[in-house]
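Chemist: If you scroll down you'll find the structure; I have some questions about it.
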Amino acid sequence: MQPLIDHARSFRKQSAERPEEFARLAEGQSPQVLFITCSDSRVVPALITGARPGELFELRTAGNIVPPYASEQPTGEAATIEYAVEVLGVDDIVVCGHSHCGAVGALVRDEDLTAVPAVRDWLAHATPKPTGAVEDPTVTDAVQGHILTQLLRLRSYPCVERRLTAGQLRLHGWFYEIHTGSVLAHDAQSDVFAEL
């Protein structure tokens, strides 16, 4: 924890050297992209994309899961998506899964999650079981299929469907390889993930 505290202290000094940049951030935000990804600490959206403060609106969930839309039971995820689309007017939504995903791996391997009931219930409630090679530690095929499932889920959100129909929003599926740093994007025409 101490290195994080030390950096936070020095960050204030660094930000004082760029007052215009931080004053601009205080005026509000206008990100162009909603970036939905896993809570995994190895996945850092700004590092992957090179985004500066204010450029990405982020939603991080266990397993980069987009829960089914249910207006009678609002979720933090649904509120974040709706805010990004309706209020911030993002032009693009990226669902970014990653290799070596513990959540997707647990589902593929049918792991016993009774010791972590909130995780078990979140995974069971929020996504159908992905399929893939049980012995593959990267769970690449399973995660890529899982990303496509989450993109389909996004389409069920009324605000997303409305903006898609109007041609005002684009959806993207990305797969980040932790072990190589490569980012693959889903190509809808060929139905494959290829390097950006």
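Numbering starts fresh at 1 for the residues of each chain in the structure tokens, the chains themselves are lettered A, B, ... in the order given, and ligands are numbered from 1 as they appear.
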Determine which residues of range 98-193 of chain A receive a DSSP assignment of helix (DSSP H, G or I), computed from the backbone, and state them as JSON, numbers by chain.

Modeler: {"A": [102, 103, 104, 105, 106, 107, 108, 117, 118, 119, 120, 121, 122, 123, 124, 125, 126, 140, 141, 142, 143, 144, 145, 146, 147, 148, 149, 150, 151, 152, 153, 154, 155, 158, 159, 160, 161, 162, 163, 164, 165]}

Chemist: Would you mind listing what lies within 8 Å of range 36-46 of chain A as a list of chain:residue names, with only C-alpha atoms counted and same-chain residues fewer than 5 positions away left out?

Modeler: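 My reading of the contact set: A:Ala51, A:Arg52, A:Leu56, A:Glu58, A:Leu59, A:Arg60, A:Thr61, A:Ala62, A:Gly63, A:Asn64, A:Ile65, A:Ile93, A:Val94, A:Val95, A:Cys96, A:Gly97, A:His98, A:Cys101, A:Ile178.
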
Chemist: Provide the CA of Asp141 in chain A to CA of Thr180 in chain A distance in Å, to one decimal place.

Modeler: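 A separation of 16.3 Å between them.
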
Chemist: Which residue is closest to Ser99 in chain A? Choose from A:Glu82, A:Glu55, A:Asp191, A:Asp136 and count only C-alpha atoms.

Modeler: A:Asp136

Chemist: Which residue is closest to His146 in chain A? Choose from A:Lys129, A:Arg170, A:Lys13, A:His100 and count only C-alpha atoms.

Modeler: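 Closest to His146 in chain A of all the choices is A:Lys129.
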
Chemist: Which parts of range 42-105 of chain A does DSSP call strand (DSSP E or B) when run on the backbone here, written out as a list in words?

Modeler: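 Filtering range 42-105 of chain A to strand (DSSP E or B) leaves Leu56, Phe57, Glu58, Leu59, Arg60, Thr61, Asp92, Ile93, Val94, Val95, Cys96, Gly97 and His98 of chain A.
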
Chemist: Would you export the selected residues with C-alpha atoms as a CSV table (one decimal), in the first residue's frame, please?

Modeler:
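Wrote selection.csv, looks like this:
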chain,number,residue,atom,x,y,z
A,56,LEU,CA,-12.9,6.8,-21.4
A,57,PHE,CA,-16.0,6.2,-19.3
A,58,GLU,CA,-15.3,2.9,-17.6
A,59,LEU,CA,-17.5,0.1,-16.4
A,60,ARG,CA,-15.6,-2.7,-14.6
A,61,THR,CA,-17.3,-5.9,-13.5
A,92,ASP,CA,-18.7,3.8,-29.1
A,93,ILE,CA,-19.0,1.0,-26.6
A,94,VAL,CA,-16.1,-1.5,-26.2
A,95,VAL,CA,-16.6,-4.8,-24.4
A,96,CYS,CA,-13.1,-5.9,-23.6
A,97,GLY,CA,-12.5,-9.4,-22.2
A,98,HIS,CA,-9.0,-10.8,-21.5

Chemist: Taking only C-alpha atoms into account, name the residue in A:Tyr176, A:Tyr83, A:Phe193, A:Trp122 that is nearest to Cys159 in chain A.

Modeler: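 The answer is A:Tyr83, which sits nearest to Cys159 in chain A.
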
Chemist: Would you mind telling me which residue in A:Pro3, A:Pro53, A:Gly105, A:Gly76 lies nearest to Ala23 in chain A when using only C-alpha atoms?

Modeler: A:Pro53

Chemist: Would you please work out which residue, of A:Ala84, A:Ala124, A:Val139, A:Leu184, is nearest to Leu34 in chain A when using only C-alpha atoms?

Modeler: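 The closest residue to Leu34 in chain A is A:Ala84.
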
Chemist: From the list A:Glu135, A:Asp91, A:Glu86, A:Asp187, which residue is nearest Ala106 in chain A when using only C-alpha atoms?

Modeler: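 The closest residue to Ala106 in chain A is A:Glu135.
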
Chemist: Skip Glu111 in chain A itself and residues of its chain fewer than 3 positions away, then list as JSON, numbers by chain all residues within 12 Å of it, counting only C-alpha atoms.

Modeler: {"A": [102, 103, 104, 105, 106, 107, 108, 114, 115, 116, 119, 120, 123, 124, 129, 134]}
